[in-house]
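S.K.: Got a structure for you, start39.pdb, holding PDB, C-alpha atoms, pLDDT in the B column.
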ATOM      1  CA  MET A 481       0.000   0.000   0.000  1.00 85.00           C
ATOM      2  CA  LYS A 482       1.246   3.463  -0.852  1.00 87.00           C
ATOM      3  CA  VAL A 483       0.934   6.417   1.501  1.00 93.00           C
ATOM      4  CA  ARG A 484       0.347   9.385  -0.760  1.00 91.00           C
ATOM      5  CA  ALA A 485      -0.298  13.097  -0.501  1.00 92.00           C
ATOM      6  CA  SER A 486      -2.888  12.888  -3.285  1.00 93.00           C
ATOM      7  CA  LEU A 487      -5.042   9.894  -4.193  1.00 93.00           C
ATOM      8  CA  ALA A 488      -6.281  11.344  -7.476  1.00 93.00           C
ATOM      9  CA  SER A 489      -4.356   8.881  -9.651  1.00 92.00           C
ATOM     10  CA  LEU A 490      -5.556   5.921  -7.581  1.00 93.00           C
ATOM     11  CA  LYS A 491      -9.217   6.840  -7.612  1.00 92.00           C
ATOM     12  CA  LYS A 492      -9.190   7.054 -11.418  1.00 94.00           C
ATOM     13  CA  GLN A 493      -8.478   3.325 -11.651  1.00 93.00           C
ATOM     14  CA  PRO A 494     -11.438   1.090 -12.555  1.00 95.00           C
ATOM     15  CA  GLY A 495     -13.064  -0.446  -9.502  1.00 94.00           C
ATOM     16  CA  ALA A 496     -11.586   2.013  -7.005  1.00 96.00           C
ATOM     17  CA  GLN A 497     -13.534   3.108  -3.923  1.00 95.00           C
ATOM     18  CA  VAL A 498     -12.602   5.959  -1.612  1.00 96.00           C
ATOM     19  CA  VAL A 499     -13.329   5.092   2.026  1.00 96.00           C
ATOM     20  CA  ARG A 500     -12.824   6.999   5.287  1.00 97.00           C
ATOM     21  CA  ARG A 501     -11.633   4.864   8.191  1.00 95.00           C
ATOM     22  CA  ARG A 502     -10.204   6.022  11.529  1.00 95.00           C
ATOM     23  CA  GLY A 503      -9.827   9.571  10.238  1.00 94.00           C
ATOM     24  CA  ARG A 504      -7.755   8.506   7.246  1.00 95.00           C
ATOM     25  CA  VAL A 505      -8.718   8.304   3.600  1.00 96.00           C
ATOM     26  CA  PHE A 506      -8.194   4.908   1.980  1.00 96.00           C
ATOM     27  CA  VAL A 507      -8.575   3.769  -1.608  1.00 96.00           C
ATOM     28  CA  ILE A 508      -9.554   0.118  -1.885  1.00 96.00           C
ATOM     29  CA  ASN A 509      -9.813  -1.718  -5.159  1.00 94.00           C
ATOM     30  CA  LYS A 510     -11.412  -5.154  -5.340  1.00 94.00           C
ATOM     31  CA  ALA A 511     -10.893  -5.384  -9.098  1.00 94.00           C
ATOM     32  CA  ASN A 512      -7.144  -4.753  -8.912  1.00 92.00           C
ATOM     33  CA  PRO A 513      -5.847  -4.906  -5.319  1.00 92.00           C
ATOM     34  CA  ARG A 514      -2.474  -3.531  -6.420  1.00 92.00           C
ATOM     35  CA  PHE A 515      -4.006  -0.038  -6.485  1.00 92.00           C
ATOM     36  CA  LYS A 516      -4.698   0.598  -2.833  1.00 94.00           C
ATOM     37  CA  GLY A 517      -3.509   3.561  -0.852  1.00 96.00           C
ATOM     38  CA  ARG A 518      -3.836   5.671   2.236  1.00 96.00           C
ATOM     39  CA  GLN A 519      -3.817   9.409   2.737  1.00 94.00           C
ATOM     40  CA  GLY A 520      -3.211  11.128   6.072  1.00 82.00           C
TER      41      GLY A 520
END
Could you rewrite the structure in this file as structure tokens?
M.R.:
Amino acid sequence: MKVRASLASLKKQPGAQVVRRRGRVFVINKANPRFKGRQG
């Protein structure tokens, strides 16, 4: 998982979902789990 300042490139991937958990922003991707990330 990448910790990034901006998740814009990750959320453009097909199947990406932006989720807020524990005050952090996560991108989870069931279609391609390689593209997951955390912000904050």
S.K.: With the PyMOL selection byres ((chain A and resi 509) around 9) as the selection, what would be picked from this file? Answer as a list in words, please.
M.R.: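 Expected selection for the PyMOL selection byres ((chain A and resi 509) around 9) here is Lys491, Gln493, Pro494, Gly495, Ala496, Gln497, Val498, Val507, Ile508, Lys510, Ala511, Asn512, Pro513, Arg514, Phe515 and Lys516 of chain A.
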S.K.: Adding 6 Å on each side of the box along x, y and z that holds all listed atoms of range 489-495 of chain A, could you give its centre and edge lengths in Å to one decimal, as JSON?
M.R.:
{"center_x": -8.7, "center_y": 4.2, "center_z": -10.1, "size_x": 20.7, "size_y": 21.3, "size_z": 17.0}
S.K.: Quick one: apply the PyMOL selection byres ((chain A and resi 517) around 6) to the file and drop the selected residues here as JSON, numbers by chain.
M.R.: {"A": [481, 482, 483, 506, 507, 516, 518]}
S.K.: Within 9 Å of Arg504 in chain A, counting all atoms listed in the file, which residues qualify if same-chain residues fewer than 5 places away don't, as a PyMOL selection string?
M.R.: chain A and resi 499+518-520
